[in-house]
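Chemist: Sharing work.cif here; it has mmCIF, C-alpha atoms.
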data_target
#
loop_
_atom_site.label_atom_id
_atom_site.label_comp_id
_atom_site.auth_asym_id
_atom_site.auth_seq_id
_atom_site.Cartn_x
_atom_site.Cartn_y
_atom_site.Cartn_z
CA MET F 1 70.35 -83.19 -34.26
CA SER F 2 73.07 -80.96 -32.85
CA GLY F 3 75.28 -82.23 -35.68
CA VAL F 4 72.85 -80.88 -38.27
CA PHE F 5 72.52 -77.58 -36.40
CA SER F 6 76.28 -77.11 -36.13
CA SER F 7 76.76 -78.01 -39.83
CA VAL F 8 74.16 -75.41 -40.83
CA LEU F 9 75.82 -72.76 -38.64
CA MET F 10 79.24 -73.62 -40.03
CA LEU F 11 78.20 -73.50 -43.69
CA LEU F 12 76.28 -70.25 -43.09
CA GLY F 13 79.31 -68.67 -41.42
CA ALA F 14 81.66 -69.76 -44.20
CA ALA F 15 79.22 -68.43 -46.81
CA PHE F 16 79.11 -65.08 -44.99
CA MET F 17 82.90 -64.90 -45.05
CA LEU F 18 83.02 -65.83 -48.72
CA VAL F 19 80.56 -63.00 -49.49
CA ALA F 20 82.75 -60.65 -47.44
CA ALA F 21 85.84 -61.63 -49.45
CA ILE F 22 84.02 -61.28 -52.79
CA GLY F 23 82.86 -57.85 -51.64
CA VAL F 24 86.40 -56.83 -50.71
CA PHE F 25 87.59 -58.01 -54.11
CA ARG F 26 85.04 -56.31 -56.36
CA MET F 27 83.52 -53.30 -54.60
CA PRO F 28 84.64 -49.99 -56.16
CA ASP F 29 86.00 -47.93 -53.25
CA LEU F 30 87.37 -48.37 -49.74
CA LEU F 31 84.25 -47.48 -47.74
CA THR F 32 81.94 -49.76 -49.73
CA ARG F 33 84.53 -52.53 -49.46
CA MET F 34 84.45 -52.10 -45.71
CA HIS F 35 80.66 -52.50 -45.69
CA ALA F 36 81.17 -55.92 -47.19
CA SER F 37 84.21 -57.06 -45.24
CA THR F 38 84.09 -55.89 -41.64
CA LYS F 39 80.51 -56.78 -40.75
CA ALA F 40 79.92 -59.87 -42.89
CA GLY F 41 83.36 -61.14 -41.85
CA ALA F 42 82.67 -60.63 -38.14
CA LEU F 43 79.20 -62.20 -38.38
CA GLY F 44 80.65 -65.18 -40.25
CA GLY F 45 83.38 -65.62 -37.65
CA GLY F 46 80.79 -65.45 -34.88
CA LEU F 47 78.63 -68.10 -36.57
CA LEU F 48 81.65 -70.42 -36.98
CA LEU F 49 82.55 -70.06 -33.28
CA LEU F 50 78.91 -70.83 -32.38
CA ALA F 51 79.11 -73.91 -34.61
CA VAL F 52 82.08 -75.11 -32.53
CA ALA F 53 80.09 -74.53 -29.33
CA VAL F 54 77.10 -76.51 -30.66
CA HIS F 55 79.33 -79.31 -31.97
CA PHE F 56 81.06 -79.99 -28.65
CA GLY F 57 78.13 -79.03 -26.43
CA GLU F 58 80.18 -78.83 -23.22
CA LEU F 59 79.82 -76.00 -20.73
CA GLY F 60 83.48 -74.95 -20.71
CA ILE F 61 83.74 -74.83 -24.49
CA THR F 62 80.37 -73.14 -24.90
CA SER F 63 81.27 -70.36 -22.47
CA ARG F 64 84.60 -69.75 -24.21
CA ALA F 65 82.96 -69.71 -27.63
CA VAL F 66 80.25 -67.30 -26.45
CA ALA F 67 82.93 -65.03 -24.95
CA GLY F 68 84.75 -65.14 -28.29
CA VAL F 69 81.58 -64.26 -30.20
CA ALA F 70 80.84 -61.37 -27.83
CA PHE F 71 84.38 -60.07 -28.29
CA VAL F 72 84.24 -60.29 -32.10
CA ILE F 73 80.85 -58.53 -32.19
CA LEU F 74 82.08 -55.79 -29.82
CA THR F 75 85.37 -55.06 -31.58
CA ALA F 76 84.31 -55.29 -35.24
CA PRO F 77 82.46 -51.91 -35.34
CA VAL F 78 85.27 -50.19 -33.40
CA ALA F 79 87.92 -51.40 -35.85
CA ALA F 80 85.70 -50.52 -38.83
CA HIS F 81 85.10 -47.02 -37.50
CA MET F 82 88.80 -46.41 -36.87
CA ILE F 83 89.94 -47.55 -40.33
CA GLY F 84 87.09 -45.73 -42.05
CA ARG F 85 87.70 -42.45 -40.24
CA ALA F 86 91.47 -42.53 -40.71
CA ALA F 87 91.09 -43.38 -44.40
CA TYR F 88 88.47 -40.67 -45.00
CA LEU F 89 90.54 -38.00 -43.29
CA THR F 90 93.68 -38.87 -45.25
CA GLY F 91 91.76 -38.36 -48.49
CA VAL F 92 91.13 -41.82 -49.88
CA PRO F 93 89.09 -41.25 -53.07
CA LEU F 94 85.38 -42.10 -52.97
CA TRP F 95 83.58 -43.96 -55.77
CA GLU F 96 82.30 -41.68 -58.57
CA GLY F 97 78.79 -43.01 -57.94
CA THR F 98 78.77 -41.46 -54.45
CA ILE F 99 75.77 -39.11 -54.50
CA VAL F 100 76.34 -36.89 -51.46
CA ASP F 101 79.19 -36.06 -49.08
CA GLU F 102 78.09 -33.88 -46.19
CA LEU F 103 81.29 -34.34 -44.21
CA ARG F 104 83.57 -32.76 -46.81
CA GLU F 105 82.60 -29.13 -46.10
CA ARG F 106 83.65 -29.62 -42.48
CA TYR F 107 87.10 -30.67 -43.56
CA SER F 108 87.92 -28.02 -46.12
CA THR F 109 91.58 -28.69 -45.42
CA ARG F 110 91.13 -32.41 -46.12
CA SER F 111 94.44 -33.27 -47.72
CA ARG F 112 94.21 -33.93 -51.44
CA THR F 113 97.75 -35.19 -51.64
CA PRO F 114 98.49 -38.66 -50.39
CA ASN F 115 99.67 -38.93 -46.84
CA PRO F 116 103.27 -40.07 -46.27
CA GLY F 117 101.80 -43.29 -44.87
CA THR F 118 99.77 -44.10 -47.97
CA THR F 119 101.19 -45.57 -51.11
CA GLN F 120 99.54 -44.76 -54.42
CA ASP F 121 100.12 -46.92 -57.44
CA MET A 1 69.83 -52.39 -11.09
CA THR A 2 69.89 -54.15 -7.71
CA ILE A 3 66.79 -56.07 -8.79
CA PHE A 4 68.72 -57.26 -11.84
CA LEU A 5 71.46 -58.56 -9.54
CA TRP A 6 68.83 -60.31 -7.42
CA ASN A 7 67.43 -61.85 -10.57
CA ILE A 8 70.84 -63.25 -11.54
CA LEU A 9 71.46 -64.47 -7.97
CA LEU A 10 68.14 -66.33 -7.93
CA ALA A 11 68.91 -67.82 -11.36
CA LEU A 12 72.27 -69.08 -10.06
CA ALA A 13 70.51 -70.54 -7.01
CA TRP A 14 68.14 -72.34 -9.40
CA LEU A 15 71.17 -73.76 -11.25
CA ALA A 16 72.79 -74.97 -8.03
CA LEU A 17 69.58 -76.53 -6.69
CA THR A 18 68.64 -78.36 -9.89
CA GLY A 19 72.28 -79.34 -10.47
CA VAL A 20 71.98 -79.00 -14.26
CA PHE A 21 74.64 -76.52 -15.36
CA THR A 22 73.60 -75.78 -18.94
CA PRO A 23 72.96 -72.42 -20.64
CA GLY A 24 69.36 -73.46 -21.33
CA ASN A 25 68.74 -74.11 -17.65
CA LEU A 26 70.20 -70.68 -16.83
CA VAL A 27 67.61 -69.07 -19.10
CA VAL A 28 64.85 -71.11 -17.40
CA GLY A 29 66.12 -70.01 -13.99
CA PHE A 30 66.26 -66.38 -15.11
CA GLY A 31 62.68 -66.50 -16.35
CA LEU A 32 61.41 -68.18 -13.17
CA SER A 33 63.15 -65.71 -10.86
CA TYR A 34 61.86 -62.83 -13.01
CA VAL A 35 58.30 -64.03 -12.38
CA ILE A 36 59.00 -64.43 -8.64
CA LEU A 37 60.47 -60.93 -8.37
CA ARG A 38 57.54 -59.58 -10.33
CA PHE A 39 55.17 -60.97 -7.69
CA ALA A 40 57.49 -59.72 -4.95
CA GLN A 41 57.25 -56.12 -6.18
CA TYR A 42 54.19 -55.63 -3.95
CA ALA A 43 56.59 -56.05 -1.06
CA ILE A 44 59.71 -54.32 -2.40
CA GLY A 45 57.97 -51.50 -4.24
CA PRO A 46 57.60 -50.88 -7.99
CA SER A 47 60.69 -50.61 -10.17
CA PRO A 48 61.21 -49.64 -13.83
CA TYR A 49 63.25 -52.86 -14.21
CA PHE A 50 60.19 -55.04 -14.84
CA GLY A 51 59.13 -53.21 -17.99
CA LYS A 52 62.72 -52.73 -19.12
CA VAL A 53 63.40 -56.46 -19.55
CA PHE A 54 60.74 -56.66 -22.26
CA ASP A 55 62.03 -53.44 -23.88
CA VAL A 56 65.52 -54.95 -24.10
CA ILE A 57 64.24 -58.25 -25.54
CA ARG A 58 62.09 -56.40 -28.10
CA PHE A 59 65.05 -54.22 -29.09
CA ILE A 60 67.34 -57.24 -29.54
CA LEU A 61 64.77 -58.93 -31.79
CA PHE A 62 64.32 -55.71 -33.80
CA PHE A 63 68.08 -55.33 -34.19
CA LEU A 64 68.51 -58.96 -35.30
CA TYR A 65 65.80 -58.45 -37.94
CA GLU A 66 67.53 -55.27 -39.12
CA LEU A 67 70.89 -57.11 -39.22
CA ILE A 68 69.56 -59.98 -41.36
CA ALA A 69 67.60 -57.72 -43.73
CA SER A 70 70.53 -55.40 -44.44
CA SER A 71 73.01 -58.32 -44.71
CA LEU A 72 70.86 -59.84 -47.46
CA ARG A 73 70.69 -56.48 -49.23
CA VAL A 74 74.48 -56.01 -49.17
CA ALA A 75 75.08 -59.67 -50.12
CA HIS A 76 72.74 -59.28 -53.11
CA ASP A 77 74.68 -56.23 -54.26
CA VAL A 78 78.01 -58.02 -53.83
CA LEU A 79 76.97 -61.16 -55.69
CA THR A 80 75.17 -59.62 -58.69
CA PRO A 81 77.27 -57.96 -61.41
CA THR A 82 75.61 -54.52 -61.42
CA HIS A 83 75.99 -52.08 -58.52
CA TYR A 84 72.58 -51.04 -57.22
CA MET A 85 74.06 -49.01 -54.41
CA ARG A 86 73.89 -45.23 -54.07
CA PRO A 87 76.49 -44.54 -51.37
CA GLY A 88 76.85 -41.22 -49.60
CA VAL A 89 78.14 -39.55 -46.46
CA ILE A 90 75.19 -38.21 -44.47
CA ALA A 91 75.11 -35.87 -41.44
CA ILE A 92 72.68 -37.02 -38.76
CA PRO A 93 71.70 -34.53 -36.02
CA LEU A 94 71.90 -36.25 -32.62
CA GLU A 95 69.45 -35.89 -29.75
CA ILE A 96 71.56 -37.85 -27.31
CA GLU A 97 74.38 -36.14 -25.46
CA SER A 98 76.22 -38.49 -23.14
CA ASP A 99 79.36 -40.25 -24.35
CA GLU A 100 78.01 -43.71 -23.53
CA GLU A 101 74.86 -43.30 -25.59
CA ILE A 102 76.70 -41.84 -28.56
CA THR A 103 79.15 -44.76 -28.43
CA LEU A 104 76.29 -47.26 -28.26
CA VAL A 105 74.36 -45.72 -31.17
CA ALA A 106 77.49 -45.29 -33.33
CA ASN A 107 78.56 -48.89 -32.73
CA LEU A 108 75.12 -50.32 -33.45
CA ILE A 109 75.02 -48.30 -36.67
CA SER A 110 78.48 -49.59 -37.59
CA LEU A 111 77.45 -53.18 -36.86
CA THR A 112 74.55 -53.05 -39.32
CA PRO A 113 75.75 -53.84 -42.85
CA GLY A 114 75.21 -50.92 -45.20
CA THR A 115 75.85 -48.15 -42.68
CA LEU A 116 79.17 -47.15 -41.09
CA SER A 117 79.67 -44.31 -38.61
CA LEU A 118 82.63 -42.21 -39.68
CA ASP A 119 82.92 -39.25 -37.34
CA VAL A 120 81.24 -37.20 -34.60
CA SER A 121 81.47 -33.41 -34.77
CA ALA A 122 83.47 -31.71 -32.01
CA ASP A 123 80.32 -30.29 -30.35
CA ARG A 124 78.76 -33.80 -30.32
CA ARG A 125 75.65 -32.61 -32.14
CA THR A 126 76.16 -34.41 -35.43
CA LEU A 127 77.06 -37.95 -36.41
CA TYR A 128 78.49 -38.51 -39.89
CA ILE A 129 77.73 -41.91 -41.36
CA HIS A 130 78.58 -43.53 -44.67
CA ALA A 131 75.58 -45.39 -46.04
CA MET A 132 75.30 -47.64 -49.06
CA TYR A 133 71.66 -47.07 -49.92
CA VAL A 134 70.64 -43.41 -49.94
CA ASP A 135 67.61 -42.24 -51.94
CA GLU A 136 68.90 -39.60 -54.33
CA GLU A 137 65.79 -37.41 -54.32
CA ASP A 138 64.99 -37.79 -50.65
CA ILE A 139 68.01 -37.78 -48.37
CA ASP A 140 65.78 -36.68 -45.47
CA ALA A 141 63.90 -39.98 -45.63
CA PHE A 142 67.16 -41.78 -44.86
CA ARG A 143 67.91 -39.33 -42.07
CA GLN A 144 64.47 -40.05 -40.55
CA LYS A 145 65.18 -43.78 -40.69
CA ILE A 146 68.37 -43.38 -38.64
CA LYS A 147 66.56 -41.01 -36.25
CA ARG A 148 63.91 -43.69 -35.64
CA PHE A 149 66.69 -46.17 -34.88
CA GLU A 150 68.26 -43.70 -32.43
CA ARG A 151 64.90 -43.19 -30.69
CA LYS A 152 64.53 -46.95 -30.25
CA VAL A 153 67.93 -47.10 -28.56
CA LEU A 154 66.87 -44.21 -26.30
CA GLU A 155 63.73 -46.07 -25.22
CA VAL A 156 65.95 -48.87 -23.93
CA THR A 157 68.67 -46.84 -22.24
CA ARG A 158 66.38 -44.30 -20.51
CA MET M 1 78.43 -94.34 -36.69
CA ILE M 2 81.05 -93.83 -39.38
CA LEU M 3 78.42 -92.76 -41.90
CA GLU M 4 76.92 -90.34 -39.39
CA ARG M 5 80.30 -88.78 -38.69
CA LEU M 6 80.93 -88.52 -42.42
CA THR M 7 77.76 -86.55 -43.11
CA ALA M 8 77.70 -84.50 -39.90
CA VAL M 9 81.38 -83.57 -39.64
CA PHE M 10 83.46 -84.49 -42.68
CA VAL M 11 81.35 -83.00 -45.47
CA PRO M 12 80.32 -79.68 -43.84
CA THR M 13 83.81 -78.92 -42.48
CA HIS M 14 85.47 -79.62 -45.82
CA LEU M 15 82.89 -77.53 -47.66
CA ALA M 16 83.36 -74.68 -45.17
CA LEU M 17 87.15 -74.86 -45.43
CA ALA M 18 86.91 -74.84 -49.24
CA MET M 19 84.80 -71.68 -49.14
CA LEU M 20 87.20 -70.07 -46.67
CA ILE M 21 90.21 -70.88 -48.86
CA ILE M 22 88.56 -69.24 -51.90
CA ALA M 23 87.82 -66.25 -49.66
CA LEU M 24 91.45 -66.20 -48.55
CA PHE M 25 92.63 -66.03 -52.18
CA LEU M 26 90.27 -63.11 -52.91
CA ALA M 27 91.41 -61.23 -49.79
CA PHE M 28 95.05 -61.78 -50.79
CA ALA M 29 94.32 -60.45 -54.27
CA ARG M 30 92.99 -57.25 -52.70
CA LEU M 31 96.01 -57.14 -50.36
CA LEU M 32 98.33 -57.22 -53.37
CA ARG M 33 96.33 -54.81 -55.54
CA GLY M 34 95.79 -52.09 -52.95
CA PRO M 35 95.64 -49.39 -54.33
CA THR M 36 95.95 -47.44 -51.04
CA LEU M 37 97.28 -48.42 -47.62
CA PRO M 38 93.80 -48.47 -45.97
CA ASP M 39 92.62 -50.95 -48.62
CA ARG M 40 95.45 -53.25 -47.61
CA VAL M 41 94.64 -52.83 -43.92
CA VAL M 42 91.02 -53.84 -44.60
CA ALA M 43 92.20 -56.87 -46.60
CA LEU M 44 94.63 -57.88 -43.84
CA ASP M 45 91.87 -57.55 -41.24
CA LEU M 46 89.71 -59.86 -43.34
CA VAL M 47 92.59 -62.35 -43.67
CA SER M 48 92.92 -62.58 -39.89
CA THR M 49 89.14 -62.98 -39.49
CA LEU M 50 89.29 -65.76 -42.09
CA ALA M 51 92.08 -67.43 -40.12
CA VAL M 52 89.84 -67.35 -37.02
CA GLY M 53 87.07 -69.00 -39.02
CA MET M 54 89.41 -71.65 -40.42
CA MET M 55 90.63 -72.53 -36.94
CA ALA M 56 87.04 -72.90 -35.75
CA ALA M 57 86.23 -75.19 -38.69
CA TYR M 58 89.43 -77.16 -38.06
CA ALA M 59 88.52 -77.60 -34.37
CA VAL M 60 85.30 -79.33 -35.44
CA MET M 61 87.08 -81.34 -38.15
CA THR M 62 89.75 -82.79 -35.85
CA ASN M 63 87.48 -82.86 -32.76
CA GLN M 64 90.10 -80.85 -30.86
CA PRO M 65 88.61 -77.99 -28.79
CA VAL M 66 92.13 -76.58 -28.19
CA PHE M 67 91.95 -74.84 -31.59
CA LEU M 68 89.08 -72.75 -30.24
CA ASP M 69 91.44 -71.10 -27.72
CA VAL M 70 93.86 -70.28 -30.53
CA ALA M 71 91.03 -68.80 -32.60
CA ILE M 72 89.86 -66.54 -29.74
CA LEU M 73 93.43 -65.42 -29.04
CA LEU M 74 94.00 -64.60 -32.71
CA ALA M 75 90.75 -62.59 -32.76
CA LEU M 76 92.00 -60.56 -29.77
CA ILE M 77 95.40 -59.87 -31.30
CA ALA M 78 94.04 -59.12 -34.78
CA PHE M 79 91.87 -56.38 -33.29
CA LEU M 80 94.91 -54.74 -31.68
CA GLY M 81 96.80 -54.97 -34.96
CA THR M 82 93.96 -53.36 -36.90
CA VAL M 83 93.67 -50.50 -34.39
CA ALA M 84 97.43 -49.89 -34.55
CA PHE M 85 97.27 -49.83 -38.37
CA ALA M 86 94.34 -47.39 -38.24
CA LEU M 87 96.30 -45.02 -35.98
CA TYR M 88 99.27 -45.33 -38.33
CA VAL M 89 97.12 -44.55 -41.38
CA GLY M 90 95.52 -41.56 -39.64
CA LYS M 91 98.71 -39.92 -38.44
CA GLY M 92 101.22 -41.16 -40.96
CA ARG M 93 103.41 -42.40 -38.13
CA ILE M 94 103.28 -44.84 -35.23
CA PRO M 95 102.26 -42.84 -32.13
#
Just give me the structure as structure tokens.
Modeler:
Amino acid sequence: MSGVFSSVLMLLGAAFMLVAAIGVFRMPDLLTRMHASTKAGALGGGLLLLAVAVHFGELGITSRAVAGVAFVILTAPVAAHMIGRAAYLTGVPLWEGTIVDELRERYSTRSRTPNPGTTQD
Amino acid sequence: MTIFLWNILLALAWLALTGVFTPGNLVVGFGLSYVILRFAQYAIGPSPYFGKVFDVIRFILFFLYELIASSLRVAHDVLTPTHYMRPGVIAIPLEIESDEEITLVANLISLTPGTLSLDVSADRRTLYIHAMYVDEEDIDAFRQKIKRFERKVLEVTR
Amino acid sequence: MILERLTAVFVPTHLALAMLIIALFLAFARLLRGPTLPDRVVALDLVSTLAVGMMAAYAVMTNQPVFLDVAILLALIAFLGTVAFALYVGKGRIP
């Protein structure tokens, strides 16, 4: 029974990560790519760690896996926010289908030229 | 808060007395000691803690539903060839003021697929989020949706 | 016993690892294509998350819980790396 449950969790987590990678590959601009990668990737990783916990079913392993899941879930939005904000402020182009940008008027000095740290090719 | 600590202490006592150290038994112990403390509130006086437990559980269930629904939406957009998304950067006026609550709301928004918090204005009145599905004619409808989410978080924290 | 282990462990772990390897190729393609530095940071972050997932799947496959510790440690360090990259992207230099 726990074998079936852990297999389902594992396949679900791997499928989440595959969707995240496909999203990173084919979404049109950085911010939409991040929607696919950071959250689906973190959720998939969390599901895989839970699958390990269910598979072994021992207290020590379960507590470590749950701590790992909690850490992944806590840090994923922080990392996503930091990359997204830094990229937006350095002027990474948005997709042409973007319908509204209410942050731009606040940063009228938002640099149009690429930052020394960014490579454009 | 002290009642919460009592609740955990009683749950640990339940674990030690039954001798079954499993996560499931911890949940059972927590539920049992919650009921006991609930009866004991005639002696120790009323506390907002008793209602809060259900608020927190309801909020977690609501957030899980939201997480699954928006994951499926983003996954559908990723896996089908056409892009259905209408992304945009939206300014959301904030009611909350303290740093902790802004952090909590911004992180929960970031954790939901399809929305990503980008920046907070210097006066802490506005949160800027990038969203994948914004209705072109009615941006305010989207704003209201996020405001409702914020109000739900407030119900739990206050 | 052997049949049970085949269906409950062998098949799902190999399927999961196959999916993760395809995902790894796609993330590497984005890492190579860019076009900007933040795109590469996002791809690299996904690669490290994929490595965490692969270690978890491998722990089940080989029945070795030690791999779980490695996975958690990698998750911790990958977060620090991503934050450092984000600061570097934002300021154009390492603070």
Chemist: Using only C-alpha atoms, which protein or nucleic acid residues come within 9 Å of range 12-20 of chain A? Drop anything in the same chain fewer than 3 positions from it, and give the result as a list in words.
Modeler: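 The residues that qualify are Asn7, Ile8, Leu9, Asn25, Leu26, Val28, Gly29, Phe30, Leu32 and Ser33 of chain A.
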Chemist: Carefully work through the PyMOL selection byres ((chain F) within 8 of (chain M)) for this structure and note down the residues it includes, as a PyMOL selection string.
Modeler: chain F and resi 3-4+7+10-11+14-15+17-22+24-25+30+34+37-38+41-42+44-45+48-49+52+55-56+61+64-65+68+71-72+75-76+79+82-83+85-87+89-90+92+115-121
Chemist: Quick one: apply the PyMOL selection byres ((chain A) within 8 of (chain F)) to the file and drop the selected residues here as a ChimeraX atom specification.
Modeler: /A:21-23,71,74-75,78-79,86-91,107-108,110-119,128,130,132,136
Chemist: Report the centre and edge lengths, in Å to one decimal, of an axis-aligned box enclosing every atom of range 115-121 of chain A listed in the file, padded by 6 Å on each side, as JSON.
Modeler:
{"center_x": 79.4, "center_y": -40.8, "center_z": -38.6, "size_x": 19.1, "size_y": 26.7, "size_z": 20.1}
Chemist: CA of Thr82 in chain A and CA of Asp140 in chain A, how far apart in Å?
Modeler: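 Distance reported for this atom pair: 25.9 Å.
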Chemist: What is the CA of Ile60 in chain A to CA of Gly24 in chain A distance in Å?
Modeler: 18.3 Å
Chemist: Could you check how far CA of Asp29 in chain F sits from CA of Gly46 in chain F, in Å to one decimal?
Modeler: 25.9 Å
Chemist: Do you know which residues the PyMOL selection byres ((chain A and resi 93-102) around 10) returns on this file, as a VMD selection string?
Modeler: chain A and resid 90 to 92 103 to 108 120 to 121 123 to 128 143 146 to 147 150 to 151 153 to 154 157 to 158
Chemist: Output as a CSV table (one decimal), keeping the file's coordinate frame: range 18-34 of chain A, completed with N, CA and C atoms.
Modeler:
chain,number,residue,atom,x,y,z
A,18,THR,N,69.0,-77.3,-8.9
A,18,THR,CA,68.6,-78.4,-9.9
A,18,THR,C,69.9,-79.2,-10.3
A,19,GLY,N,71.1,-78.6,-10.2
A,19,GLY,CA,72.3,-79.3,-10.5
A,19,GLY,C,72.5,-79.6,-12.0
A,20,VAL,N,71.8,-78.9,-12.8
A,20,VAL,CA,72.0,-79.0,-14.3
A,20,VAL,C,72.6,-77.7,-14.8
A,21,PHE,N,73.9,-77.7,-15.0
A,21,PHE,CA,74.6,-76.5,-15.4
A,21,PHE,C,74.7,-76.4,-16.9
A,22,THR,N,73.6,-76.0,-17.5
A,22,THR,CA,73.6,-75.8,-18.9
A,22,THR,C,73.1,-74.4,-19.2
A,23,PRO,N,73.5,-73.8,-20.3
A,23,PRO,CA,73.0,-72.4,-20.6
A,23,PRO,C,71.4,-72.4,-20.7
A,24,GLY,N,70.8,-73.4,-21.2
A,24,GLY,CA,69.4,-73.5,-21.3
A,24,GLY,C,68.7,-73.4,-20.0
A,25,ASN,N,69.3,-74.1,-19.0
A,25,ASN,CA,68.7,-74.1,-17.6
A,25,ASN,C,68.9,-72.8,-17.0
A,26,LEU,N,70.0,-72.0,-17.4
A,26,LEU,CA,70.2,-70.7,-16.8
A,26,LEU,C,69.1,-69.8,-17.3
A,27,VAL,N,68.7,-69.9,-18.6
A,27,VAL,CA,67.6,-69.1,-19.1
A,27,VAL,C,66.3,-69.4,-18.4
A,28,VAL,N,66.1,-70.7,-18.1
A,28,VAL,CA,64.8,-71.1,-17.4
A,28,VAL,C,64.9,-70.5,-16.0
A,29,GLY,N,66.0,-70.6,-15.3
A,29,GLY,CA,66.1,-70.0,-14.0
A,29,GLY,C,65.9,-68.5,-14.0
A,30,PHE,N,66.4,-67.8,-15.0
A,30,PHE,CA,66.3,-66.4,-15.1
A,30,PHE,C,64.8,-66.0,-15.3
A,31,GLY,N,64.1,-66.8,-16.1
A,31,GLY,CA,62.7,-66.5,-16.4
A,31,GLY,C,61.9,-66.7,-15.1
A,32,LEU,N,62.2,-67.9,-14.4
A,32,LEU,CA,61.4,-68.2,-13.2
A,32,LEU,C,61.6,-67.1,-12.1
A,33,SER,N,62.9,-66.7,-11.9
A,33,SER,CA,63.2,-65.7,-10.9
A,33,SER,C,62.6,-64.3,-11.3
A,34,TYR,N,62.5,-64.1,-12.6
A,34,TYR,CA,61.9,-62.8,-13.0
A,34,TYR,C,60.4,-62.8,-12.6
